[in-house]
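A.B. asks: For reference, the file final_29.txt (compact mmCIF, C-alpha atoms) is included below:
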# COMPACT_ATOMS: atom_id res chain seq x y z
CA MET P 1 16.09 27.01 12.18
CA ASN P 2 15.03 26.93 8.54
CA ASP P 3 15.24 23.14 8.58
CA GLU P 4 12.97 23.06 11.61
CA VAL P 5 10.39 25.35 9.99
CA GLY P 6 10.54 23.31 6.80
CA GLY P 7 10.13 20.12 8.82
CA ASN P 8 7.12 21.52 10.64
CA GLN P 9 5.50 22.60 7.39
CA ARG P 10 6.20 19.23 5.85
CA ARG P 11 4.71 17.47 8.84
CA ALA P 12 1.68 19.75 8.85
CA ARG P 13 1.09 19.12 5.18
CA PHE P 14 1.39 15.38 5.64
CA GLN P 15 -0.83 15.55 8.69
CA ALA P 16 -3.49 17.40 6.69
CA LEU P 17 -3.26 14.74 4.00
CA CYS P 18 -3.71 11.98 6.57
CA GLN P 19 -6.61 13.87 8.10
CA SER P 20 -8.40 14.12 4.77
CA LEU P 21 -7.89 10.40 4.10
CA ARG P 22 -8.67 9.29 7.62
CA PRO P 23 -12.42 8.53 7.22
CA ASP P 24 -11.80 6.30 4.22
CA LEU P 25 -8.83 4.61 5.84
CA LEU P 26 -10.66 3.93 9.09
CA ARG P 27 -13.65 2.52 7.29
CA PHE P 28 -11.40 0.34 5.17
CA ALA P 29 -9.52 -0.90 8.24
CA PHE P 30 -12.77 -1.49 10.09
CA TRP P 31 -14.22 -3.65 7.33
CA LEU P 32 -10.91 -5.41 6.95
CA SER P 33 -10.60 -6.25 10.65
CA ARG P 34 -14.27 -6.01 11.70
CA ASP P 35 -13.00 -4.54 14.95
CA ARG P 36 -13.18 -0.79 15.56
CA ALA P 37 -10.44 -0.64 18.20
CA LEU P 38 -8.09 -2.72 16.08
CA ALA P 39 -8.92 -0.58 13.04
CA GLU P 40 -7.96 2.60 14.89
CA ASP P 41 -4.67 1.03 16.04
CA VAL P 42 -3.87 -0.20 12.54
CA VAL P 43 -4.62 3.18 10.96
CA GLN P 44 -2.57 5.07 13.55
CA GLU P 45 0.37 2.71 13.13
CA SER P 46 0.04 2.87 9.34
CA MET P 47 0.15 6.65 9.41
CA LEU P 48 3.36 6.53 11.41
CA ARG P 49 4.84 4.12 8.90
CA ALA P 50 3.63 6.31 6.06
CA TRP P 51 5.16 9.37 7.69
CA LYS P 52 8.50 7.63 7.96
CA ALA P 53 8.27 6.42 4.35
CA GLN P 54 6.76 9.56 2.87
CA ASP P 55 9.68 10.07 0.51
CA SER P 56 8.48 7.01 -1.40
CA LEU P 57 5.20 8.79 -2.16
CA LEU P 58 6.05 10.58 -5.39
CA ASP P 59 2.55 11.74 -6.28
CA GLU P 60 0.27 13.10 -3.58
CA GLY P 61 -2.70 12.17 -5.78
CA ALA P 62 -1.77 8.53 -5.29
CA ALA P 63 -1.73 8.86 -1.50
CA LYS P 64 -4.91 6.91 -0.91
CA PRO P 65 -3.93 3.64 -2.63
CA TRP P 66 -0.47 4.01 -1.14
CA MET P 67 -1.94 4.27 2.35
CA LEU P 68 -4.36 1.42 1.74
CA THR P 69 -1.48 -0.85 0.84
CA ILE P 70 0.33 0.16 4.03
CA ILE P 71 -2.81 -0.54 6.05
CA ARG P 72 -3.23 -4.00 4.54
CA ARG P 73 0.37 -4.84 5.36
CA GLU P 74 0.09 -3.42 8.86
CA TYR P 75 -3.06 -5.42 9.47
CA ALA P 76 -1.31 -8.57 8.30
CA ARG P 77 1.61 -7.78 10.62
CA THR P 78 -0.77 -7.30 13.52
CA PHE P 79 -2.26 -10.66 12.75
CA GLU P 80 1.19 -12.27 12.78
CA ARG P 81 2.29 -10.47 15.95
CA LYS P 82 -0.76 -11.23 18.00
CA ARG P 83 -1.41 -14.63 16.47
CA LEU P 84 -5.08 -13.81 16.57
CA GLN P 85 -7.30 -16.78 17.20
CA THR P 86 -10.05 -17.79 14.81
CA VAL P 87 -12.87 -15.39 15.46
CA ASP P 88 -16.47 -16.14 16.23
CA VAL P 89 -18.31 -13.85 13.82
CA ASP P 90 -21.44 -13.80 15.96
CA GLU P 91 -19.31 -12.48 18.83
CA LEU P 92 -17.78 -9.92 16.48
CA VAL P 93 -21.19 -8.73 15.35
CA ALA P 94 -22.37 -8.46 18.95
CA LYS P 95 -19.18 -6.61 19.98
CA GLU P 96 -19.43 -4.09 17.16
CA GLU P 97 -23.17 -3.56 17.49
CA PRO P 98 -22.76 0.19 18.18
CA VAL P 99 -20.88 0.59 14.89
CA LEU P 100 -23.27 -1.56 12.92
CA ALA P 101 -26.43 0.01 14.29
CA THR P 102 -27.92 2.83 12.29
CA ASP P 103 -30.80 5.14 12.86
CA GLU P 104 -31.48 5.12 9.10
CA ASP P 105 -33.24 1.78 8.75
CA GLN P 106 -32.96 -1.85 9.65
CA ASN P 107 -32.03 -2.75 6.06
CA ILE P 108 -28.65 -1.09 6.47
CA SER P 109 -27.92 -2.85 9.76
CA ASP P 110 -28.80 -6.17 8.11
CA VAL P 111 -26.30 -5.54 5.31
CA ARG P 112 -23.64 -4.57 7.84
CA ALA P 113 -24.19 -7.76 9.83
CA ALA P 114 -24.02 -9.80 6.61
CA LEU P 115 -20.78 -8.02 5.64
CA MET P 116 -19.27 -8.94 9.00
CA LYS P 117 -19.98 -12.60 8.26
CA LEU P 118 -18.69 -12.54 4.71
CA PRO P 119 -15.41 -14.50 4.33
CA ASP P 120 -12.29 -12.33 4.08
CA GLU P 121 -11.56 -13.48 0.53
CA TYR P 122 -14.87 -12.03 -0.63
CA ARG P 123 -15.17 -9.08 1.73
CA GLU P 124 -11.85 -7.48 0.90
CA PRO P 125 -12.26 -7.12 -2.88
CA LEU P 126 -15.82 -5.95 -2.33
CA ILE P 127 -14.67 -3.20 0.06
CA LEU P 128 -11.97 -2.11 -2.34
CA GLN P 129 -14.48 -1.87 -5.16
CA VAL P 130 -17.51 -0.34 -3.44
CA LEU P 131 -15.94 1.73 -0.69
CA MET P 132 -12.63 2.66 -2.29
CA GLY P 133 -13.71 2.83 -5.92
CA TYR P 134 -11.02 0.44 -7.17
CA SER P 135 -11.34 -1.03 -10.65
CA THR P 136 -11.05 -4.78 -11.21
CA ALA P 137 -7.48 -4.34 -12.44
CA GLU P 138 -6.54 -2.28 -9.37
CA ILE P 139 -8.04 -4.87 -7.04
CA ALA P 140 -6.21 -7.63 -8.88
CA ARG P 141 -2.93 -5.74 -8.49
CA GLU P 142 -3.48 -4.97 -4.81
CA LEU P 143 -4.55 -8.51 -3.89
CA GLU P 144 -2.15 -10.20 -6.30
CA LEU P 145 -4.96 -12.06 -8.04
CA SER P 146 -5.93 -12.51 -11.67
CA GLY P 147 -8.70 -10.35 -13.11
CA PRO P 148 -11.09 -13.30 -13.56
CA ALA P 149 -10.43 -14.40 -9.97
CA VAL P 150 -11.38 -10.93 -8.73
CA LEU P 151 -14.58 -10.94 -10.79
CA THR P 152 -15.53 -14.36 -9.44
CA ARG P 153 -14.97 -13.24 -5.86
CA LEU P 154 -16.95 -10.04 -6.36
CA CYS P 155 -19.81 -12.01 -7.87
CA ARG P 156 -19.82 -14.54 -5.03
CA ALA P 157 -19.56 -11.78 -2.45
CA ARG P 158 -22.76 -10.17 -3.72
CA GLN P 159 -24.47 -13.54 -4.04
CA GLN P 160 -23.73 -14.39 -0.41
CA LEU P 161 -24.64 -10.93 0.84
CA ARG P 162 -27.92 -10.85 -1.03
CA ALA P 163 -28.83 -14.33 0.20
CA ALA P 164 -27.96 -13.39 3.78
CA CYS P 165 -30.15 -10.30 3.52
CA GLY P 166 -33.15 -12.25 2.25
CA GLU P 167 -33.03 -10.90 -1.29
CA ASP P 168 -34.61 -12.89 -4.13
CA THR P 169 -31.67 -14.84 -5.57
CA THR P 170 -33.56 -17.10 -7.94
CA LEU P 171 -32.07 -15.35 -11.00
CA ASP P 172 -28.53 -15.27 -9.62
CA PRO P 173 -25.96 -17.11 -11.74
CA GLN P 174 -24.43 -20.24 -10.25
CA THR P 175 -20.69 -19.68 -9.86
CA MET Y 1 -23.91 -12.81 -24.54
CA ASP Y 2 -26.20 -15.19 -22.65
CA HIS Y 3 -28.13 -14.52 -19.45
CA ARG Y 4 -25.64 -16.31 -17.24
CA ALA Y 5 -22.66 -14.39 -18.59
CA TYR Y 6 -24.54 -11.10 -18.24
CA ARG Y 7 -25.63 -11.77 -14.66
CA SER Y 8 -22.18 -12.96 -13.60
CA ALA Y 9 -20.61 -9.81 -15.04
CA ILE Y 10 -23.17 -7.42 -13.61
CA MET Y 11 -22.96 -9.06 -10.20
CA ALA Y 12 -19.22 -8.54 -10.22
CA ASP Y 13 -19.72 -4.85 -11.03
CA PRO Y 14 -23.27 -3.49 -11.11
CA HIS Y 15 -22.00 -0.16 -12.46
CA ASP Y 16 -20.12 -1.73 -15.38
CA ARG Y 17 -20.71 0.43 -18.49
CA ASP Y 18 -19.59 -2.17 -21.00
CA SER Y 19 -21.51 -1.78 -24.28
CA ASP Y 20 -22.16 -5.54 -24.63
CA LEU Y 21 -23.71 -5.59 -21.18
CA ARG Y 22 -25.85 -2.58 -22.01
CA ALA Y 23 -26.99 -4.18 -25.29
CA HIS Y 24 -27.99 -7.38 -23.54
CA ARG Y 25 -29.82 -5.46 -20.82
CA ASP Y 26 -31.73 -3.39 -23.36
CA ALA Y 27 -32.83 -6.56 -25.17
CA CYS Y 28 -33.71 -8.70 -22.14
CA ALA Y 29 -36.50 -7.65 -19.79
CA GLU Y 30 -35.63 -10.32 -17.23
CA CYS Y 31 -32.00 -9.25 -17.00
CA ARG Y 32 -33.10 -5.60 -16.85
CA ALA Y 33 -35.32 -6.39 -13.87
CA PHE Y 34 -32.47 -8.37 -12.32
CA THR Y 35 -30.14 -5.37 -12.73
CA GLU Y 36 -32.64 -2.97 -11.18
CA GLN Y 37 -32.95 -5.28 -8.19
CA LEU Y 38 -29.17 -5.53 -7.98
CA LEU Y 39 -28.69 -1.75 -8.14
CA ARG Y 40 -31.20 -1.23 -5.35
CA PHE Y 41 -29.19 -3.62 -3.23
CA GLU Y 42 -25.97 -1.89 -4.28
CA ALA Y 43 -27.28 1.41 -2.94
CA ARG Y 44 -27.95 -0.32 0.39
CA LEU Y 45 -24.48 -1.82 0.35
CA GLU Y 46 -22.86 1.57 -0.33
CA ARG Y 47 -24.71 3.13 2.58
CA ALA Y 48 -23.94 0.17 4.84
CA LEU Y 49 -20.21 0.50 4.28
CA LEU Y 50 -20.24 4.13 5.41
CA VAL Y 51 -20.05 3.43 9.14
CA ASP Y 52 -19.75 6.47 11.36
CA ILE Y 53 -16.22 7.56 12.05
CA PRO Y 54 -15.26 9.40 15.23
CA SER Y 55 -13.78 12.79 14.40
CA THR Y 56 -10.32 12.67 15.93
CA ALA Y 57 -7.36 14.65 14.78
CA VAL Y 58 -4.49 12.75 13.22
CA VAL Y 59 -1.35 13.07 15.26
CA LEU Y 60 2.11 12.48 13.91
CA PRO Y 61 5.22 12.44 16.09
CA LEU Y 62 7.89 15.09 15.97
CA ALA Y 63 10.62 14.07 13.58
CA ARG Y 64 13.35 14.04 16.22
CA HIS Y 65 11.40 11.50 18.24
CA LEU Y 66 10.96 9.14 15.35
CA LYS Y 67 14.52 7.85 15.33
CA SER Y 68 14.33 6.56 18.89
CA ALA Y 69 10.65 5.73 18.90
CA ARG Y 70 10.21 2.54 20.90
CA GLY Y 71 7.19 1.31 22.81
CA PRO Y 72 5.81 3.74 25.39
CA ARG Y 73 8.34 6.44 24.47
CA ARG Y 74 6.82 6.68 21.03
CA TRP Y 75 3.43 7.36 22.54
CA LEU Y 76 4.95 9.97 24.84
CA ALA Y 77 6.49 11.57 21.79
CA MET Y 78 3.15 11.54 20.08
CA ALA Y 79 1.45 13.06 23.10
CA ALA Y 80 4.10 15.76 23.21
CA SER Y 81 3.38 16.66 19.64
CA VAL Y 82 -0.40 16.79 20.00
CA LEU Y 83 -0.74 20.50 20.62
CA LEU Y 84 1.79 21.53 18.01
CA GLY Y 85 0.36 19.05 15.53
CA LEU Y 86 -3.20 20.15 16.03
CA GLY Y 87 -2.30 23.80 15.69
CA ILE Y 88 -0.32 23.38 12.52
CA ALA Y 89 -2.73 20.89 11.01
CA GLY Y 90 -5.61 23.21 11.69
CA ALA Y 91 -3.82 26.13 10.08
CA VAL Y 92 -2.83 24.11 7.04
CA TRP Y 93 -6.24 22.46 6.76
CA PHE Y 94 -7.93 25.77 6.30
CA SER Y 95 -5.24 27.58 4.35
CA LEU Y 96 -3.79 25.21 1.76
CA PRO Y 97 -5.51 25.77 -1.57
CA GLN Y 98 -5.13 22.12 -2.53
CA SER Y 99 -7.20 21.04 0.47
CA SER Y 100 -10.07 23.47 -0.17
CA LEU Y 101 -13.45 22.10 -1.12
CA ALA Y 102 -13.37 23.86 -4.50
CA ALA Y 103 -9.91 22.48 -5.29
CA ASP Y 104 -11.02 18.98 -4.35
CA VAL Y 105 -14.08 19.28 -6.58
CA VAL Y 106 -11.93 20.44 -9.50
CA ALA Y 107 -9.43 17.65 -8.86
CA HIS Y 108 -12.27 15.14 -8.94
CA MET Y 109 -13.55 16.52 -12.24
CA ALA Y 110 -10.15 16.27 -13.80
CA GLY Y 111 -10.15 12.57 -12.98
CA GLU Y 112 -13.33 11.91 -14.97
CA PRO Y 113 -12.82 13.48 -18.41
CA ASP Y 114 -15.24 11.06 -20.12
CA ALA Y 115 -18.14 12.54 -18.20
CA TRP Y 116 -17.92 15.83 -20.13
CA GLN Y 117 -19.24 14.71 -23.51
CA ARG Y 118 -21.86 16.88 -25.18
CA THR Y 119 -24.71 14.47 -26.00
CA ASP Y 120 -28.46 14.14 -26.05
CA VAL Y 121 -28.41 10.52 -24.86
CA PRO Y 122 -29.61 10.29 -21.26
CA VAL Y 123 -28.16 7.84 -18.79
CA PRO Y 124 -30.57 4.89 -18.27
CA ASP Y 125 -33.18 5.59 -15.59
CA LEU Y 126 -32.13 2.67 -13.48
CA GLU Y 127 -28.54 3.89 -13.29
CA LEU Y 128 -29.64 7.42 -12.48
CA ASN Y 129 -32.13 6.25 -9.87
CA ALA Y 130 -29.54 4.04 -8.20
CA VAL Y 131 -27.23 7.04 -7.81
CA LEU Y 132 -29.97 9.35 -6.57
CA LEU Y 133 -31.52 6.76 -4.27
CA GLY Y 134 -28.24 6.38 -2.41
CA ALA Y 135 -28.21 10.12 -1.71
CA LYS Y 136 -31.90 10.33 -0.85
CA LEU Y 137 -32.91 12.70 -3.59
CA ARG Y 138 -34.90 12.81 -6.81
CA LEU Y 139 -34.77 15.06 -9.82
CA LYS Y 140 -37.99 16.75 -10.82
CA PRO Y 141 -39.24 16.20 -14.37
CA GLY Y 142 -37.78 18.78 -16.71
CA ALA Y 143 -34.44 18.98 -14.91
CA GLY Y 144 -32.74 18.42 -18.25
CA ILE Y 145 -30.95 15.50 -19.85
CA VAL Y 146 -28.70 13.77 -17.35
CA SER Y 147 -26.03 12.17 -19.50
CA TYR Y 148 -23.82 10.82 -16.74
CA ALA Y 149 -24.56 9.61 -13.22
CA SER Y 150 -22.15 8.01 -10.82
CA SER Y 151 -21.71 7.55 -7.09
CA CYS Y 152 -18.22 8.86 -6.55
CA ASP Y 153 -15.82 8.73 -3.63
CA PHE Y 154 -15.32 12.23 -2.40
CA ARG Y 155 -13.74 13.14 0.92
CA GLY Y 156 -14.72 9.85 2.47
CA TYR Y 157 -18.30 9.75 1.25
CA LYS Y 158 -20.16 8.50 -1.79
CA VAL Y 159 -21.66 11.49 -3.55
CA PRO Y 160 -23.80 11.78 -6.67
CA HIS Y 161 -21.84 13.08 -9.63
CA LEU Y 162 -24.16 14.06 -12.47
CA VAL Y 163 -23.65 15.70 -15.83
CA VAL Y 164 -26.64 17.69 -17.03
CA GLN Y 165 -26.83 18.83 -20.64
CA THR Y 166 -27.82 22.49 -20.87
CA GLN Y 167 -27.98 25.04 -23.66
CA SER Y 168 -24.61 26.26 -22.45
CA GLY Y 169 -23.10 22.80 -22.71
CA PRO Y 170 -22.49 19.98 -20.26
CA VAL Y 171 -22.63 21.02 -16.63
CA THR Y 172 -21.33 18.86 -13.83
CA VAL Y 173 -23.22 18.71 -10.56
CA MET Y 174 -21.94 17.14 -7.35
CA VAL Y 175 -24.36 16.82 -4.48
CA LEU Y 176 -22.29 17.26 -1.33
CA VAL Y 177 -24.62 16.36 1.51
CA HIS Y 178 -21.71 16.10 3.94
CA GLU Y 179 -20.10 19.43 3.01
CA ALA Y 180 -21.81 22.37 4.64
CA VAL Y 181 -20.74 25.82 3.43
CA ARG Y 182 -21.80 29.11 4.91
CA LYS Y 183 -22.21 31.08 1.73
CA PRO Y 184 -21.91 30.60 -2.04
CA LYS Y 185 -18.35 30.35 -3.28
CA GLN Y 186 -17.39 31.00 -6.89
CA PHE Y 187 -14.18 29.60 -8.29
CA ASP Y 188 -12.35 29.63 -11.58
CA GLU Y 189 -9.34 27.37 -11.70
CA HIS Y 190 -7.59 24.87 -13.96
CA GLY Y 191 -10.04 25.57 -16.77
CA TYR Y 192 -13.16 25.04 -14.70
CA ARG Y 193 -15.62 27.70 -13.67
CA GLY Y 194 -18.01 26.83 -10.91
CA THR Y 195 -19.84 27.59 -7.75
CA ILE Y 196 -20.54 25.80 -4.51
CA VAL Y 197 -23.83 26.84 -2.98
CA PRO Y 198 -25.19 25.97 0.46
CA ILE Y 199 -28.36 23.89 0.65
CA PRO Y 200 -29.74 24.39 4.15
CA GLY Y 201 -30.12 21.03 5.86
CA HIS Y 202 -28.53 19.15 2.94
CA GLY Y 203 -24.94 20.34 2.77
CA SER Y 204 -24.13 21.94 -0.55
CA ILE Y 205 -24.02 21.40 -4.29
CA ALA Y 206 -21.11 22.08 -6.59
CA VAL Y 207 -21.82 23.09 -10.18
CA LEU Y 208 -19.02 23.33 -12.75
CA MET Y 209 -18.62 24.18 -16.40
CA ARG Y 210 -15.63 23.82 -18.66
CA ASP Y 211 -16.76 26.25 -21.32
CA LEU Y 212 -15.37 29.49 -19.99
CA ASN Y 213 -16.85 31.55 -22.80
CA GLY Y 214 -20.25 31.65 -21.16
CA GLU Y 215 -21.73 34.89 -19.86
CA SER Y 216 -20.84 36.09 -16.42
CA GLY Y 217 -23.30 34.66 -13.92
CA GLU Y 218 -24.18 31.70 -16.14
CA VAL Y 219 -22.90 29.11 -13.67
CA GLU Y 220 -24.83 30.72 -10.83
CA ARG Y 221 -28.05 30.71 -12.84
CA ILE Y 222 -27.57 27.05 -13.71
CA ALA Y 223 -26.81 26.25 -10.08
CA ALA Y 224 -30.08 27.90 -9.04
CA ARG Y 225 -31.99 25.84 -11.63
CA VAL Y 226 -30.31 22.64 -10.44
CA GLU Y 227 -31.17 23.46 -6.85
CA ASP Y 228 -34.81 23.99 -7.82
CA SER Y 229 -34.82 20.64 -9.64
CA ILE Y 230 -33.85 18.59 -6.59
CA ASP Y 231 -36.49 16.90 -4.46
CA TRP Y 232 -35.08 15.67 -1.16
CA THR Y 233 -36.64 12.41 -0.07
CA PRO Y 234 -37.02 11.38 3.55
Please lay out the structure from this file as structure tokens.

C.D. replies:
Amino acid sequence: MNDEVGGNQRRARFQALCQSLRPDLLRFAFWLSRDRALAEDVVQESMLRAWKAQDSLLDEGAAKPWMLTIIRREYARTFERKRLQTVDVDELVAKEEPVLATDEDQNISDVRAALMKLPDEYREPLILQVLMGYSTAEIARELELSGPAVLTRLCRARQQLRAACGEDTTLDPQT
Amino acid sequence: MDHRAYRSAIMADPHDRDSDLRAHRDACAECRAFTEQLLRFEARLERALLVDIPSTAVVLPLARHLKSARGPRRWLAMAASVLLGLGIAGAVWFSLPQSSLAADVVAHMAGEPDAWQRTDVPVPDLELNAVLLGAKLRLKPGAGIVSYASSCDFRGYKVPHLVVQTQSGPVTVMVLVHEAVRKPKQFDEHGYRGTIVPIPGHGSIAVLMRDLNGESGEVERIAARVEDSIDWTP
């Protein structure tokens, strides 16, 4: 009986933790996959995996990076399982139009469309930095890259985004 | 540092506070203009990444179903746990102190100790404006010296985190547009004294001090002054 109560409390606590992280995780998964339905599946599956592996989370304060790593692995597994075909980014943009549209202003929608078309190798470090607040060293660790490689990718990511959004890039460095 | 090295570094991280970068920016008008342009784009990028998220409760399966979870049975197990899960999660969500808004604000402060320095050096206008622009607000002249400004991740959103220098010492302000509260809430925990006050139509603001020797009501008075200093832009 006591075990059951303790189990319920533990689950509730973990559930509350997942709930608080959910917006960040879903956004991360969405920008990783560029597919809202796939992002929701990946996050749900990742939370189940996290629940089963929760004993490996020693510090609740580190839950977010821990979950992000699980999500990246789960997304990679999904890719392997489904052997996803090469995607047509224009189709992706059209499919996710409801997510990309905003009633704020067209500038935001333009950036979202440009993000969808950004190559994975540039988009992922950029999401980790801007959306998740990762430092260069943390990105390097997560993506198993060197620090300079991360900086180069972040620089190129912004160059490509700015160019795609019609920004003045005449002063941009050539990398 | 030459222009190319500066621009490569600042494009990799527009919020980089490296002193060499700052020195080059201060000395080079062209790179300063480049950085301002970049920070304006960065604010757009930050807003663009915050796609709307449907509010659905997280559901975890009952432990006894986990061992045999396979295919459709796992989803049945999850469905079976929905009601229990929602009930417990709801209760915990509102009752656990560590998940309260005040506790989250304090936890965030503890993660940024460098922001608390007593100084009369304001953060550069372009950095401050980039932070405020992203949250659609301005500070009126005379709001005080803002010595730190950052767009921080907080509960799934980017929020302005400012440190304002006052006669009572550094005061941290977080503008929580996405956190509506019904009434002011004072808190005093882990060495921080603060208040979270509702801002009708704009969520709330959290104001914290670390100097606990101040007079009673000091935080509330500062919070009122901060609130008066904010201009909300359309």

A.B. asks: Please check the contacts: residues of chain P at most 8 Å away from chain Y, using all atoms listed in the file, listed as a PyMOL selection string.

C.D. replies: chain P and resi 7-9+11-13+15-16+18-24+26-27+31+44+47-48+51-52+99-100+107-109+111-112+127+130-133+151-156+158-159+162+171-173+175

A.B. asks: What separation in Å, quoted to one decimal, exists between atom CA of Y:Leu162 and atom CA of Y:Leu132?

C.D. replies: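 Computing the Euclidean distance for atom CA of Y:Leu162 and atom CA of Y:Leu132 yields 9.5 Å.
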
A.B. asks: Please return as a PyMOL selection string every residue within 12 Å of (-13.0, 23.4, -2.3), taking into account only C-alpha atoms and the file's own coordinates.

C.D. replies: chain Y and resi 93-108+154-155+176+179-181+184-189+194-197+204-207

A.B. asks: Which residues are close to P:Glu142, i.e. within 10 Å by only C-alpha atoms, leaving aside same-chain residues fewer than 2 positions away? Reply as a list in words.

C.D. replies: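 Residues near the query, excluding close chain neighbours: Pro65, Leu68, Thr69, Arg72, Pro125, Leu128, Tyr134, Thr136, Ala137, Glu138, Ile139, Ala140, Glu144 and Leu145 of chain P.
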
A.B. asks: To one decimal in Å, tell me the separation between atom CA of P:Asp90 and atom CA of P:Ala164.

C.D. replies: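 The value is 13.8 Å.
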
A.B. asks: So which residues touch Y:Val177 within 10 Å, counting all atoms listed in the file, skipping near sequence neighbours fewer than 4 positions away, as a ChimeraX atom specification?

C.D. replies: /Y:135-136,157-160,198-205

A.B. asks: Generate the output file for the selected residues, C-alpha atoms, as a PDB file, in the coordinates of the input.

C.D. replies:
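Resulting contents of result.pdb:
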ATOM      1  CA  ALA Y 135     -28.210  10.120  -1.710  1.00  0.00           C
ATOM      2  CA  LYS Y 136     -31.900  10.330  -0.850  1.00  0.00           C
ATOM      3  CA  TYR Y 157     -18.300   9.750   1.250  1.00  0.00           C
ATOM      4  CA  LYS Y 158     -20.160   8.500  -1.790  1.00  0.00           C
ATOM      5  CA  VAL Y 159     -21.660  11.490  -3.550  1.00  0.00           C
ATOM      6  CA  PRO Y 160     -23.800  11.780  -6.670  1.00  0.00           C
ATOM      7  CA  PRO Y 198     -25.190  25.970   0.460  1.00  0.00           C
ATOM      8  CA  ILE Y 199     -28.360  23.890   0.650  1.00  0.00           C
ATOM      9  CA  PRO Y 200     -29.740  24.390   4.150  1.00  0.00           C
ATOM     10  CA  GLY Y 201     -30.120  21.030   5.860  1.00  0.00           C
ATOM     11  CA  HIS Y 202     -28.530  19.150   2.940  1.00  0.00           C
ATOM     12  CA  GLY Y 203     -24.940  20.340   2.770  1.00  0.00           C
ATOM     13  CA  SER Y 204     -24.130  21.940  -0.550  1.00  0.00           C
ATOM     14  CA  ILE Y 205     -24.020  21.400  -4.290  1.00  0.00           C
TER      15      ILE Y 205
END

A.B. asks: Write out as a list in words which residues come within 8 Å of P:Leu118 when counting only C-alpha atoms, dropping same-chain ones fewer than 5 positions away.

C.D. replies: Arg123, Ala157, Gln160 and Leu161 of chain P

A.B. asks: Which distance in Å separates atom CA of Y:Ala29 and atom CA of Y:Val131, to one decimal?

C.D. replies: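 Separation between atom CA of Y:Ala29 and atom CA of Y:Val131: 21.1 Å.
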
A.B. asks: Within 7 Å of Y:Thr233, counting only C-alpha atoms, which residues show up once you throw out same-chain ones fewer than 2 positions away? Write them as a list in words, please.

C.D. replies: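 Residues near the query, excluding close chain neighbours: Lys136, Leu137, Arg138 and Asp231 of chain Y.
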